[in-house]
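final.txt, holding compact mmCIF, C-alpha atoms and all ligand atoms:
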# COMPACT_ATOMS: atom_id res chain seq x y z
CA VAL A 457 -0.58 -15.45 45.67
CA LYS A 458 -3.02 -17.65 43.81
CA PRO A 459 -3.00 -21.37 44.59
CA VAL A 460 -1.50 -23.34 41.71
CA SER A 461 -3.14 -26.56 40.66
CA ALA A 462 -1.17 -29.66 39.73
CA ALA A 463 -2.29 -29.24 36.13
CA GLU A 464 -0.89 -25.73 36.05
CA VAL A 465 2.45 -26.86 37.40
CA ILE A 466 2.68 -29.26 34.48
CA THR A 467 1.51 -26.77 31.84
CA ALA A 468 3.40 -23.69 32.98
CA PRO A 469 6.97 -23.61 31.66
CA PRO A 470 9.02 -20.43 32.11
CA ALA A 471 7.69 -17.48 30.13
CA ILE A 472 9.15 -16.30 26.81
CA ASP A 473 11.63 -13.50 27.50
CA GLY A 474 11.31 -11.88 24.08
CA THR A 475 15.02 -11.50 23.26
CA HIS A 476 14.87 -13.74 20.22
CA LEU A 477 11.55 -12.28 19.05
CA TRP A 478 12.76 -8.66 19.19
CA GLY A 479 15.89 -9.70 17.29
CA SER A 480 13.78 -11.28 14.55
CA LEU A 481 11.55 -8.20 14.36
CA GLU A 482 14.58 -5.93 14.03
CA ALA A 483 15.95 -8.13 11.25
CA ALA A 484 12.56 -8.04 9.49
CA ALA A 485 12.47 -4.24 9.71
CA GLU A 486 15.69 -4.15 7.63
CA ILE A 487 13.83 -5.75 4.72
CA GLY A 488 12.12 -3.23 2.43
CA PRO A 489 13.19 -0.11 4.33
CA TRP A 490 11.09 2.90 3.39
CA ARG A 491 10.82 6.32 5.02
CA ALA A 492 12.70 5.36 8.18
CA PRO A 493 11.72 3.80 10.48
CA GLY A 494 9.03 2.31 8.21
CA VAL A 495 9.01 -0.56 5.73
CA GLN A 496 7.31 -1.21 2.42
CA ARG A 497 6.82 -4.83 1.45
CA LEU A 498 4.04 -4.93 -1.12
CA ALA A 499 2.72 -8.44 -1.78
CA LEU A 500 4.87 -10.45 -4.21
CA SER A 501 7.44 -7.66 -4.56
CA ASP A 502 11.18 -8.27 -4.21
CA ALA A 503 10.95 -7.10 -0.59
CA ASP A 504 8.15 -9.60 0.05
CA ARG A 505 10.36 -12.32 -1.44
CA GLN A 506 13.28 -11.33 0.81
CA MET A 507 11.01 -11.34 3.86
CA ARG A 508 9.55 -14.73 2.93
CA ASP A 509 13.05 -16.12 2.35
CA ALA A 510 14.21 -14.86 5.76
CA PHE A 511 11.14 -16.31 7.47
CA CYS A 512 11.57 -19.68 5.74
CA GLY A 513 15.25 -19.73 6.75
CA TRP A 514 14.35 -19.07 10.39
CA CYS A 515 11.73 -21.82 10.25
CA GLU A 516 14.22 -24.29 8.79
CA ASN A 517 16.71 -23.38 11.52
CA ALA A 518 13.96 -24.20 14.00
CA GLY A 519 13.56 -27.62 12.37
CA LEU A 520 10.14 -26.90 10.87
CA ALA A 521 8.92 -28.50 7.65
CA LEU A 522 7.80 -25.95 5.05
CA ARG A 523 4.80 -26.20 2.75
CA VAL A 524 3.57 -23.55 0.31
CA ASP A 525 0.14 -23.60 -1.29
CA ARG A 526 -1.00 -22.48 -4.74
CA VAL A 527 -1.56 -18.85 -3.71
CA GLY A 528 1.73 -18.62 -1.80
CA ASN A 529 0.53 -19.10 1.77
CA ILE A 530 3.46 -20.54 3.77
CA PHE A 531 3.02 -23.18 6.50
CA ALA A 532 5.90 -24.18 8.80
CA ARG A 533 5.07 -27.36 10.67
CA ARG A 534 6.24 -28.73 14.00
CA PRO A 535 5.07 -32.34 14.19
CA GLY A 536 2.63 -33.59 16.74
CA ALA A 537 3.70 -36.29 19.16
CA VAL A 538 0.62 -38.47 19.03
CA ASP A 539 -0.98 -38.50 15.61
CA GLU A 540 0.82 -36.89 12.68
CA THR A 541 -2.41 -36.88 10.67
CA ALA A 542 -4.26 -34.84 13.31
CA ASP A 543 -5.39 -31.39 12.20
CA PRO A 544 -2.82 -28.83 13.33
CA VAL A 545 -3.16 -25.79 15.52
CA MET A 546 -2.22 -22.83 13.32
CA VAL A 547 -0.77 -19.54 14.49
CA GLY A 548 0.24 -16.66 12.26
CA SER A 549 -0.60 -13.52 10.33
CA HIS A 550 0.98 -11.80 7.28
CA LEU A 551 4.39 -10.51 6.12
CA ASP A 552 3.28 -8.02 3.46
CA THR A 553 2.73 -4.35 4.32
CA GLN A 554 0.83 -1.31 3.16
CA VAL A 555 2.49 1.26 0.88
CA ALA A 556 3.19 3.31 4.00
CA GLY A 557 4.03 0.30 6.17
CA GLY A 558 5.13 0.05 9.77
CA ARG A 559 7.41 -2.49 11.40
CA TYR A 560 4.79 -4.54 13.26
CA ASP A 561 1.52 -4.85 11.35
CA GLY A 562 1.33 -8.52 10.42
CA VAL A 563 4.95 -9.55 10.86
CA LEU A 564 4.58 -9.45 14.65
CA GLY A 565 1.91 -12.16 14.52
CA VAL A 566 3.95 -14.42 12.23
CA LEU A 567 7.14 -14.06 14.25
CA ALA A 568 5.25 -14.44 17.55
CA GLY A 569 4.01 -17.76 16.16
CA LEU A 570 7.58 -18.78 15.35
CA GLU A 571 8.62 -17.71 18.85
CA VAL A 572 5.93 -19.98 20.34
CA VAL A 573 7.49 -22.91 18.47
CA ARG A 574 11.00 -21.97 19.62
CA TRP A 575 9.64 -21.83 23.17
CA LEU A 576 8.08 -25.30 22.86
CA ASP A 577 11.44 -26.62 21.64
CA LYS A 578 13.47 -24.83 24.31
CA HIS A 579 11.40 -26.41 27.07
CA GLU A 580 11.13 -29.76 25.24
CA LEU A 581 7.36 -29.55 25.23
CA SER A 582 5.75 -31.92 22.81
CA THR A 583 2.17 -31.42 21.68
CA CYS A 584 -0.38 -34.02 20.68
CA ARG A 585 -1.27 -32.10 17.54
CA PRO A 586 1.11 -30.51 15.04
CA VAL A 587 1.63 -26.76 15.37
CA GLU A 588 1.92 -24.74 12.15
CA VAL A 589 3.22 -21.20 11.87
CA VAL A 590 1.52 -19.56 8.89
CA SER A 591 2.09 -16.51 6.73
CA TRP A 592 -0.89 -15.55 4.54
CA SER A 593 -0.35 -14.00 1.10
CA ASN A 594 -1.49 -10.48 0.21
CA GLU A 595 -3.30 -9.54 3.41
CA GLU A 596 -3.13 -5.79 2.87
CA GLY A 597 -4.60 -5.64 -0.62
CA ALA A 598 -2.28 -2.71 -1.30
CA ARG A 599 -1.07 -4.23 -4.56
CA PHE A 600 -3.59 -6.92 -5.50
CA ARG A 601 -7.25 -6.84 -4.59
CA PRO A 602 -8.92 -8.09 -2.52
CA SER A 603 -7.25 -7.74 0.84
CA MET A 604 -6.94 -10.98 2.85
CA LEU A 605 -6.63 -12.81 -0.47
CA GLY A 606 -4.53 -15.77 0.71
CA SER A 607 -6.67 -16.60 3.72
CA ALA A 608 -9.87 -16.15 1.68
CA VAL A 609 -8.67 -18.73 -0.87
CA PHE A 610 -7.51 -21.09 1.89
CA ALA A 611 -10.95 -20.85 3.52
CA GLY A 612 -12.75 -21.45 0.23
CA ALA A 613 -14.32 -17.97 0.13
CA LEU A 614 -12.40 -16.90 -2.99
CA ASP A 615 -11.73 -19.05 -6.04
CA GLN A 616 -8.02 -19.73 -6.63
CA GLU A 617 -8.27 -18.94 -10.34
CA VAL A 618 -9.85 -15.57 -9.58
CA ALA A 619 -7.09 -14.85 -7.06
CA LEU A 620 -4.31 -15.94 -9.44
CA GLY A 621 -5.77 -13.80 -12.21
CA GLN A 622 -5.78 -10.54 -10.22
CA THR A 623 -3.62 -7.78 -11.69
CA ASP A 624 -1.77 -4.88 -10.12
CA GLU A 625 -1.63 -1.26 -11.35
CA ASP A 626 0.94 -2.21 -13.99
CA GLY A 627 -1.13 -5.10 -15.29
CA LEU A 628 1.12 -7.75 -13.72
CA ARG A 629 -0.75 -10.94 -12.78
CA PHE A 630 -0.74 -12.37 -9.27
CA ALA A 631 0.11 -15.83 -10.65
CA ASP A 632 3.10 -14.53 -12.63
CA GLU A 633 4.46 -12.47 -9.76
CA LEU A 634 4.04 -15.37 -7.34
CA ASP A 635 5.98 -17.57 -9.74
CA ARG A 636 8.64 -14.87 -10.22
CA ILE A 637 9.39 -14.68 -6.49
CA GLY A 638 9.44 -18.49 -6.20
CA TYR A 639 6.38 -19.00 -4.02
CA ALA A 640 3.91 -20.64 -6.40
CA GLY A 641 3.51 -23.74 -4.26
CA SER A 642 1.78 -27.02 -4.87
CA ALA A 643 -0.34 -27.51 -1.74
CA GLU A 644 -4.02 -27.66 -2.63
CA VAL A 645 -6.48 -24.90 -1.89
CA PRO A 646 -8.92 -24.57 -0.26
CA GLY A 647 -6.90 -25.96 2.62
CA ARG A 648 -7.94 -28.46 5.23
CA PRO A 649 -9.45 -26.57 8.20
CA PRO A 650 -7.07 -26.51 11.17
CA HIS A 651 -8.07 -27.70 14.64
CA ALA A 652 -7.79 -24.07 15.79
CA TYR A 653 -6.32 -20.80 14.51
CA PHE A 654 -4.67 -18.03 16.56
CA GLU A 655 -3.61 -14.60 15.35
CA LEU A 656 -1.76 -12.06 17.46
CA HIS A 657 -1.84 -8.55 15.98
CA ILE A 658 -1.20 -4.98 17.08
CA GLU A 659 -4.51 -3.36 17.98
CA GLN A 660 -4.06 -0.57 15.39
CA SER A 661 -6.14 1.74 17.53
CA ASP A 662 -5.36 3.42 20.83
CA SER A 663 -7.74 1.91 23.39
CA LEU A 664 -5.31 -0.63 24.91
CA ASP A 665 -2.49 1.91 24.99
CA ARG A 666 -4.71 4.68 26.39
CA ASN A 667 -6.21 2.44 29.09
CA GLY A 668 -2.95 0.83 30.16
CA LEU A 669 -4.11 -2.66 29.15
CA ASP A 670 -1.73 -5.20 27.66
CA LEU A 671 -4.08 -7.58 25.91
CA GLY A 672 -7.34 -7.38 23.96
CA ILE A 673 -9.34 -10.55 23.47
CA VAL A 674 -11.28 -10.04 20.25
CA THR A 675 -14.86 -11.19 20.61
CA SER A 676 -16.51 -9.56 17.59
CA ALA A 677 -15.78 -7.93 14.24
CA TYR A 678 -17.03 -4.73 12.65
CA ALA A 679 -19.05 -5.44 9.53
CA ALA A 680 -17.36 -3.79 6.55
CA ARG A 681 -18.47 -2.99 3.02
CA GLY A 682 -16.62 -1.34 0.19
CA MET A 683 -17.04 -0.49 -3.47
CA THR A 684 -15.80 1.61 -6.32
CA VAL A 685 -18.28 4.16 -7.67
CA ARG A 686 -17.84 5.36 -11.24
CA LEU A 687 -19.36 8.83 -11.72
CA ARG A 688 -19.92 9.95 -15.28
CA GLY A 689 -20.54 13.48 -16.54
CA ARG A 690 -19.17 15.18 -19.62
CA THR A 691 -15.93 16.90 -20.39
CA ALA A 692 -16.10 20.63 -21.07
CA HIS A 693 -13.84 23.62 -21.56
CA ALA A 694 -12.62 24.92 -18.19
CA GLY A 695 -12.83 28.52 -19.37
CA ALA A 696 -15.56 28.65 -21.96
CA THR A 697 -18.23 26.52 -20.29
CA PRO A 698 -20.39 28.51 -17.82
CA MET A 699 -20.87 26.96 -14.39
CA ARG A 700 -24.58 26.47 -15.05
CA ARG A 701 -23.72 24.08 -17.92
CA ARG A 702 -21.28 21.85 -16.02
CA GLU A 703 -21.78 18.12 -15.39
CA ASP A 704 -18.54 17.59 -13.54
CA PRO A 705 -18.09 14.18 -11.86
CA LEU A 706 -15.01 15.35 -9.97
CA VAL A 707 -17.14 17.86 -8.07
CA GLY A 708 -19.73 15.10 -7.49
CA ALA A 709 -16.99 12.87 -6.12
CA ALA A 710 -15.83 15.68 -3.82
CA GLU A 711 -19.36 16.03 -2.44
CA LEU A 712 -19.63 12.27 -2.02
CA ILE A 713 -16.34 12.18 -0.09
CA SER A 714 -17.70 14.85 2.24
CA ALA A 715 -21.01 13.04 2.69
CA LEU A 716 -19.16 9.81 3.43
CA ASP A 717 -17.08 11.56 6.07
CA VAL A 718 -20.26 12.80 7.77
CA ILE A 719 -21.68 9.25 7.70
CA GLY A 720 -18.43 7.94 9.17
CA ARG A 721 -18.57 10.41 12.05
CA SER A 722 -22.26 9.87 12.78
CA GLY A 723 -21.85 6.88 15.08
CA GLY A 724 -18.86 7.90 17.17
CA GLU A 725 -16.66 4.88 17.92
CA GLU A 726 -19.14 2.55 16.22
CA THR A 727 -18.71 3.87 12.68
CA ARG A 728 -15.90 4.38 10.17
CA ALA A 729 -16.14 5.57 6.57
CA THR A 730 -13.27 6.31 4.21
CA ALA A 731 -12.72 7.41 0.65
CA THR A 732 -9.40 5.74 -0.10
CA ARG A 733 -8.85 6.53 -3.75
CA LEU A 734 -9.97 8.93 -6.48
CA GLN A 735 -9.09 8.62 -10.15
CA ALA A 736 -10.26 11.28 -12.59
CA TRP A 737 -10.31 11.22 -16.37
CA PRO A 738 -8.83 12.85 -18.38
CA ASN A 739 -7.06 14.46 -15.40
CA ARG A 740 -5.61 17.30 -17.44
CA THR A 741 -5.60 21.07 -17.24
CA GLY A 742 -8.07 23.15 -19.25
CA ILE A 743 -10.80 20.51 -19.31
CA THR A 744 -13.35 19.34 -16.77
CA ALA A 745 -13.41 15.67 -15.80
CA GLY A 746 -15.62 13.29 -17.76
CA GLU A 747 -15.32 10.46 -15.26
CA ALA A 748 -14.34 10.06 -11.64
CA VAL A 749 -13.83 6.69 -9.99
CA LEU A 750 -14.00 6.72 -6.21
CA THR A 751 -12.99 3.77 -4.03
CA LEU A 752 -14.54 3.79 -0.57
CA ASP A 753 -15.30 1.61 2.42
CA TYR A 754 -17.38 1.91 5.55
CA ARG A 755 -17.78 -0.16 8.69
CA HIS A 756 -20.08 -0.51 11.67
CA ALA A 757 -19.86 -2.40 14.94
CA THR A 758 -23.15 -4.16 14.07
CA PRO A 759 -24.59 -5.58 10.82
CA ASP A 760 -27.80 -3.52 11.30
CA GLY A 761 -25.74 -0.38 11.64
CA LEU A 762 -23.92 -1.23 8.42
CA THR A 763 -27.25 -1.59 6.62
CA ARG A 764 -28.23 1.88 7.88
CA MET A 765 -24.96 3.34 6.61
CA THR A 766 -25.55 1.73 3.22
CA GLY A 767 -28.93 3.49 3.06
CA GLU A 768 -27.38 6.85 3.93
CA LEU A 769 -24.64 6.42 1.33
CA GLU A 770 -27.14 5.43 -1.38
CA ARG A 771 -29.30 8.48 -0.63
CA ALA A 772 -26.28 10.77 -0.79
CA LEU A 773 -25.17 9.22 -4.07
CA ASP A 774 -28.63 9.56 -5.65
CA GLU A 775 -29.07 13.13 -4.47
CA ILE A 776 -25.64 14.37 -5.55
CA CYS A 777 -25.82 12.75 -8.97
CA ALA A 778 -29.38 13.97 -9.63
CA ARG A 779 -28.52 17.52 -8.65
CA ARG A 780 -25.34 17.60 -10.75
CA GLY A 781 -26.62 15.76 -13.81
CA LEU A 782 -24.31 12.80 -13.34
CA SER A 783 -24.83 9.08 -13.83
CA PHE A 784 -23.10 6.48 -11.74
CA ALA A 785 -22.33 2.77 -11.59
CA ARG A 786 -21.33 0.80 -8.50
CA GLU A 787 -18.52 -1.58 -9.35
CA GLU A 788 -16.41 -4.14 -7.52
CA GLU A 789 -18.42 -4.32 -4.32
CA TRP A 790 -17.01 -6.35 -1.44
CA GLU A 791 -17.75 -7.01 2.20
CA PHE A 792 -16.28 -8.85 5.17
CA GLY A 793 -16.79 -9.18 8.88
CA GLN A 794 -20.54 -9.85 8.68
CA ASP A 795 -21.65 -12.39 11.27
CA ILE A 796 -18.11 -13.35 12.21
CA SER A 797 -17.86 -15.11 15.53
CA PHE A 798 -14.68 -15.95 17.35
CA ASN A 799 -14.50 -19.07 19.47
CA PRO A 800 -15.75 -18.53 23.05
CA ALA A 801 -13.84 -21.54 24.44
CA LEU A 802 -10.54 -20.28 23.01
CA ALA A 803 -11.32 -16.81 24.40
CA ALA A 804 -12.09 -18.28 27.83
CA ALA A 805 -8.83 -20.23 27.82
CA ALA A 806 -6.89 -17.08 26.86
CA ARG A 807 -8.55 -15.16 29.73
CA ARG A 808 -7.60 -17.95 32.13
CA HIS A 809 -3.97 -17.90 30.99
CA ALA A 810 -3.94 -14.11 31.20
CA ALA A 811 -5.18 -14.25 34.80
CA ARG A 812 -2.52 -16.82 35.71
CA LEU A 813 0.19 -14.69 34.09
CA ASP A 814 -1.18 -11.52 35.70
CA VAL A 815 -1.94 -9.84 32.35
CA ALA A 816 -4.67 -7.16 32.31
CA THR A 817 -7.11 -7.93 29.46
CA THR A 818 -10.30 -6.61 28.00
CA ASP A 819 -12.78 -8.04 25.52
CA MET A 820 -13.00 -5.90 22.42
CA PRO A 821 -14.20 -5.81 18.81
CA SER A 822 -11.90 -5.62 15.80
CA SER A 823 -12.63 -2.78 13.42
CA ALA A 824 -9.83 -3.75 11.00
CA GLY A 825 -10.01 -6.78 8.75
CA HIS A 826 -7.70 -9.70 9.52
CA ASP A 827 -6.94 -13.10 7.99
CA ALA A 828 -8.55 -14.57 11.10
CA TYR A 829 -11.93 -13.43 9.74
CA TRP A 830 -11.71 -16.01 6.97
CA LEU A 831 -10.26 -18.67 9.24
CA ALA A 832 -13.16 -18.10 11.63
CA THR A 833 -15.52 -19.34 8.89
CA ILE A 834 -13.88 -22.78 8.86
CA ALA A 835 -12.25 -23.33 12.28
CA PRO A 836 -12.33 -22.23 15.94
CA THR A 837 -10.44 -18.94 15.83
CA LEU A 838 -9.11 -16.32 18.23
CA ILE A 839 -7.47 -12.93 17.65
CA LEU A 840 -5.34 -11.42 20.41
CA PHE A 841 -4.59 -7.68 20.25
CA VAL A 842 -1.50 -6.16 21.79
CA PRO A 843 -1.01 -2.41 22.23
CA CYS A 844 0.73 -0.22 19.68
CA VAL A 845 1.99 3.16 20.76
CA ASP A 846 -0.72 5.84 20.45
CA GLY A 847 -2.64 3.63 18.01
CA ILE A 848 -0.50 4.81 15.07
CA THR A 849 -0.57 2.27 12.23
CA HIS A 850 -0.37 2.01 8.41
CA ASN A 851 2.27 4.64 8.96
CA GLU A 852 6.06 4.50 9.18
CA HIS A 853 5.94 5.58 12.82
CA GLU A 854 4.02 2.48 13.96
CA ALA A 855 5.70 1.44 17.24
CA ILE A 856 5.37 -1.00 20.13
CA ASP A 857 6.67 -1.10 23.67
CA PRO A 858 8.18 -4.62 23.91
CA GLU A 859 7.40 -4.81 27.63
CA ARG A 860 3.72 -4.35 26.85
CA VAL A 861 3.63 -6.82 23.97
CA LEU A 862 5.43 -9.67 25.70
CA PRO A 863 2.51 -10.48 28.05
CA GLY A 864 0.26 -11.08 25.03
CA VAL A 865 2.89 -13.28 23.38
CA ASN A 866 2.98 -15.41 26.52
CA VAL A 867 -0.80 -15.72 26.61
CA LEU A 868 -0.62 -16.75 22.93
CA ALA A 869 2.02 -19.40 23.73
CA ALA A 870 0.00 -20.87 26.61
CA SER A 871 -3.17 -20.85 24.50
CA VAL A 872 -1.49 -22.60 21.56
CA LEU A 873 0.02 -25.19 23.89
CA GLU A 874 -3.34 -25.89 25.46
CA ALA A 875 -5.14 -26.15 22.10
CA ALA A 876 -2.47 -28.47 20.69
CA GLY A 877 -2.56 -30.64 23.82
CA GLN A 878 0.59 -30.98 25.89
ZN ZN A 901 -2.25 -6.64 9.56
Kindly transcribe the structure held in the file into structure tokens.
Ligand SMILES: [Zn+2]
Amino acid sequence: VKPVSAAEVITAPPAIDGTHLWGSLEAAAEIGPWRAPGVQRLALSDADRQMRDAFCGWCENAGLALRVDRVGNIFARRPGAVDETADPVMVGSHLDTQVAGGRYDGVLGVLAGLEVVRWLDKHELSTCRPVEVVSWSNEEGARFRPSMLGSAVFAGALDQEVALGQTDEDGLRFADELDRIGYAGSAEVPGRPPHAYFELHIEQSDSLDRNGLDLGIVTSAYAARGMTVRLRGRTAHAGATPMRRREDPLVGAAELISALDVIGRSGGEETRATATRLQAWPNRTGITAGEAVLTLDYRHATPDGLTRMTGELERALDEICARRGLSFAREEEWEFGQDISFNPALAAAARRHAARLDVATTDMPSSAGHDAYWLATIAPTLILFVPCVDGITHNEHEAIDPERVLPGVNVLAASVLEAAGQ
């Protein structure tokens, strides 16, 4: 038994038991059902609206004041006890999902934030600073590019007009769809940096689950880069044109996908590389492709490693195109996670709370992008990872063991309380 200091007696109310949180998660999983037990809530779709409406209703029931900004980020505020103008402590994540979405990616972090507020209320804990539960718009980028759009605009990394002008596959504009679902708010962006930002998220890999650990304290981010590559050749008759006369960009794209996979496997756990999308034109029978547009991304645990991967990809692209008589253009390049640092003091506090609550933790990097990346550029930020079963994610079978997630939720609650000042 560890000795308990007087300060800890004051700051250690009974732990969250999770009943309310699991109920909210079950209710959320009923919204946008798709390929049971999965969900599909693409950003600004009807399902996204229903999920936002449910979340806002739960926040209002908890007595929180709602605010929506110009790109649809939602903030639910619990006032501070000392100075209502003090910068808030924010806690949240996202409510949208991938096309093949699971029940926990994103929504767990938002509802865990709401649960922290319910817990503060239940134990009549007032905080010096306001606490805001936040849901960021369009985190996944599955419908509108780029991913992490709402948090990027909030942090001033993406212009609001650019964000509002993004279009989906059907040519529908972000601004129009946001208006259609009733979440075109009036709060200014970029937003005022919070005092601190916390995001709890499923790990989306299997290291916590495999090692029997209940909490990952994220101390670094993989550097990520992505682009679309347009390969151009020339259309030709599929039967009449001899192989020696082909300039087929679809075959070039196939080789590039293979080369990218080799690059992705070259660094073991430190590297990832993925071709996510291939569009060919004219995409008909009897004729070779004239154009192929490949969307890809790659990531490395270090910025130097990412630079090396870029070199390998460029060499592969040059070599394949030269050999096959193709031209290419790199379009829509993006990157995130470069030089991101998470706040060491917040991490230290989380470790201290974990030790007090007897939660086994490890420091770890994040290889997936999160809204916290953008928040980290403007405010002290911490990501907490909780295990998901077998690391399955962006898949309808994404699952959690509530008993193994609850410890992380309690570390989150204690960390938010400390940052907001009891
Ligand atoms: Zn997510």
| field | Distance query A:Ala811 at most 10 Å, only C-alpha atoms, self and fewer than 5 positions along chain excluded, as a list of chain:residue names | value | A:Lys458, A:Ala805, A:Ala806, A:Ala816, A:Thr817, A:Val867
Hey, could you make a per-residue contact list for chain A against ligand ZN 901 (chain A) with 12 Å as the cut-off, showing the nearest pair of atoms and its distance in Å to one decimal, counting only C-alpha atoms and all ligand atoms, sorted by chain and number, as a Markdown table?
| residue | atom | partner | partner_atom | distance |
| --- | --- | --- | --- | --- |
| A:Gly548 | CA | A:ZN901 | ZN | 10.7 |
| A:Ser549 | CA | A:ZN901 | ZN | 7.1 |
| A:His550 | CA | A:ZN901 | ZN | 6.5 |
| A:Leu551 | CA | A:ZN901 | ZN | 8.4 |
| A:Asp552 | CA | A:ZN901 | ZN | 8.3 |
| A:Thr553 | CA | A:ZN901 | ZN | 7.6 |
| A:Gln554 | CA | A:ZN901 | ZN | 8.9 |
| A:Gly557 | CA | A:ZN901 | ZN | 10.0 |
| A:Gly558 | CA | A:ZN901 | ZN | 10.0 |
| A:Arg559 | CA | A:ZN901 | ZN | 10.7 |
| A:Tyr560 | CA | A:ZN901 | ZN | 8.2 |
| A:Asp561 | CA | A:ZN901 | ZN | 4.5 |
| A:Gly562 | CA | A:ZN901 | ZN | 4.1 |
| A:Val563 | CA | A:ZN901 | ZN | 7.9 |
| A:Leu564 | CA | A:ZN901 | ZN | 9.0 |
| A:Gly565 | CA | A:ZN901 | ZN | 8.5 |
| A:Val566 | CA | A:ZN901 | ZN | 10.3 |
| A:Ser591 | CA | A:ZN901 | ZN | 11.1 |
| A:Trp592 | CA | A:ZN901 | ZN | 10.3 |
| A:Ser593 | CA | A:ZN901 | ZN | 11.4 |
| A:Asn594 | CA | A:ZN901 | ZN | 10.1 |
| A:Glu595 | CA | A:ZN901 | ZN | 6.9 |
| A:Glu596 | CA | A:ZN901 | ZN | 6.8 |
| A:Gly597 | CA | A:ZN901 | ZN | 10.5 |
| A:Ala598 | CA | A:ZN901 | ZN | 11.5 |
| A:Ser603 | CA | A:ZN901 | ZN | 10.1 |
| A:Met604 | CA | A:ZN901 | ZN | 9.3 |
| A:Glu655 | CA | A:ZN901 | ZN | 9.9 |
| A:Leu656 | CA | A:ZN901 | ZN | 9.6 |
| A:His657 | CA | A:ZN901 | ZN | 6.7 |
| A:Ile658 | CA | A:ZN901 | ZN | 7.8 |
| A:Glu659 | CA | A:ZN901 | ZN | 9.3 |
| A:Gln660 | CA | A:ZN901 | ZN | 8.6 |
| A:Ser822 | CA | A:ZN901 | ZN | 11.5 |
| A:Ser823 | CA | A:ZN901 | ZN | 11.7 |
| A:Ala824 | CA | A:ZN901 | ZN | 8.2 |
| A:Gly825 | CA | A:ZN901 | ZN | 7.8 |
| A:His826 | CA | A:ZN901 | ZN | 6.3 |
| A:Asp827 | CA | A:ZN901 | ZN | 8.1 |
| A:Ala828 | CA | A:ZN901 | ZN | 10.2 |
| A:Tyr829 | CA | A:ZN901 | ZN | 11.8 |
| A:Ile839 | CA | A:ZN901 | ZN | 11.5 |
| A:Phe841 | CA | A:ZN901 | ZN | 11.0 |
| A:Thr849 | CA | A:ZN901 | ZN | 9.5 |
| A:His850 | CA | A:ZN901 | ZN | 8.9 |
| A:Glu854 | CA | A:ZN901 | ZN | 11.9 |
Keeping only C-alpha atoms, write the selected residues to a file as a tab-separated table (two decimals), in the coordinates of the input.
chain	number	residue	atom	x	y	z
A	548	GLY	CA	0.24	-16.66	12.26
A	549	SER	CA	-0.60	-13.52	10.33
A	550	HIS	CA	0.98	-11.80	7.28
A	551	LEU	CA	4.39	-10.51	6.12
A	552	ASP	CA	3.28	-8.02	3.46
A	553	THR	CA	2.73	-4.35	4.32
A	554	GLN	CA	0.83	-1.31	3.16
A	557	GLY	CA	4.03	0.30	6.17
A	558	GLY	CA	5.13	0.05	9.77
A	559	ARG	CA	7.41	-2.49	11.40
A	560	TYR	CA	4.79	-4.54	13.26
A	561	ASP	CA	1.52	-4.85	11.35
A	562	GLY	CA	1.33	-8.52	10.42
A	563	VAL	CA	4.95	-9.55	10.86
A	564	LEU	CA	4.58	-9.45	14.65
A	565	GLY	CA	1.91	-12.16	14.52
A	566	VAL	CA	3.95	-14.42	12.23
A	591	SER	CA	2.09	-16.51	6.73
A	592	TRP	CA	-0.89	-15.55	4.54
A	593	SER	CA	-0.35	-14.00	1.10
A	594	ASN	CA	-1.49	-10.48	0.21
A	595	GLU	CA	-3.30	-9.54	3.41
A	596	GLU	CA	-3.13	-5.79	2.87
A	597	GLY	CA	-4.60	-5.64	-0.62
A	598	ALA	CA	-2.28	-2.71	-1.30
A	603	SER	CA	-7.25	-7.74	0.84
A	604	MET	CA	-6.94	-10.98	2.85
A	655	GLU	CA	-3.61	-14.60	15.35
A	656	LEU	CA	-1.76	-12.06	17.46
A	657	HIS	CA	-1.84	-8.55	15.98
A	658	ILE	CA	-1.20	-4.98	17.08
A	659	GLU	CA	-4.51	-3.36	17.98
A	660	GLN	CA	-4.06	-0.57	15.39
A	822	SER	CA	-11.90	-5.62	15.80
A	823	SER	CA	-12.63	-2.78	13.42
A	824	ALA	CA	-9.83	-3.75	11.00
A	825	GLY	CA	-10.01	-6.78	8.75
A	826	HIS	CA	-7.70	-9.70	9.52
A	827	ASP	CA	-6.94	-13.10	7.99
A	828	ALA	CA	-8.55	-14.57	11.10
A	829	TYR	CA	-11.93	-13.43	9.74
A	839	ILE	CA	-7.47	-12.93	17.65
A	841	PHE	CA	-4.59	-7.68	20.25
A	849	THR	CA	-0.57	2.27	12.23
A	850	HIS	CA	-0.37	2.01	8.41
A	854	GLU	CA	4.02	2.48	13.96
| field | Pick from A:Arg860, A:Arg534, A:Arg721, A:Arg491, whichever lies nearest to A:Thr583 using all atoms listed in the file | value | A:Arg534
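Proximity ranking of A:Ala835, A:Ala471, A:Val555, A:Ala696 relative to A:His579 places A:Ala471 first, based on all atoms listed in the file.
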| request: Rank A:Ile637, A:Leu716, A:Ala804, A:Glu482 by their smallest atom-to-atom distance to A:Asp509, using only C-alpha atoms, and report the top residue only. | output: A:Ile637
| Option closest in space to A:Glu874, from A:His853, A:Arg681, A:His651, A:Arg574 [counting all atoms listed in the file] |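 The answer is A:His651, which sits nearest to A:Glu874.
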| request: List the neighbours of A:Asp504 out to 8 Å using all atoms listed in the file; skip same-chain residues closer than 4 positions along the sequence, and give me the result as a VMD selection string. | output: chain A and resid 488 497 to 500 508 551 to 552
| task | Using only C-alpha atoms, find the one residue out of A:Asn739, A:Thr475, A:Ser642, A:Thr727 that sits nearest to A:Leu706. | result |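 Among A:Asn739, A:Thr475, A:Ser642, A:Thr727, it is A:Asn739 that comes nearest to A:Leu706.
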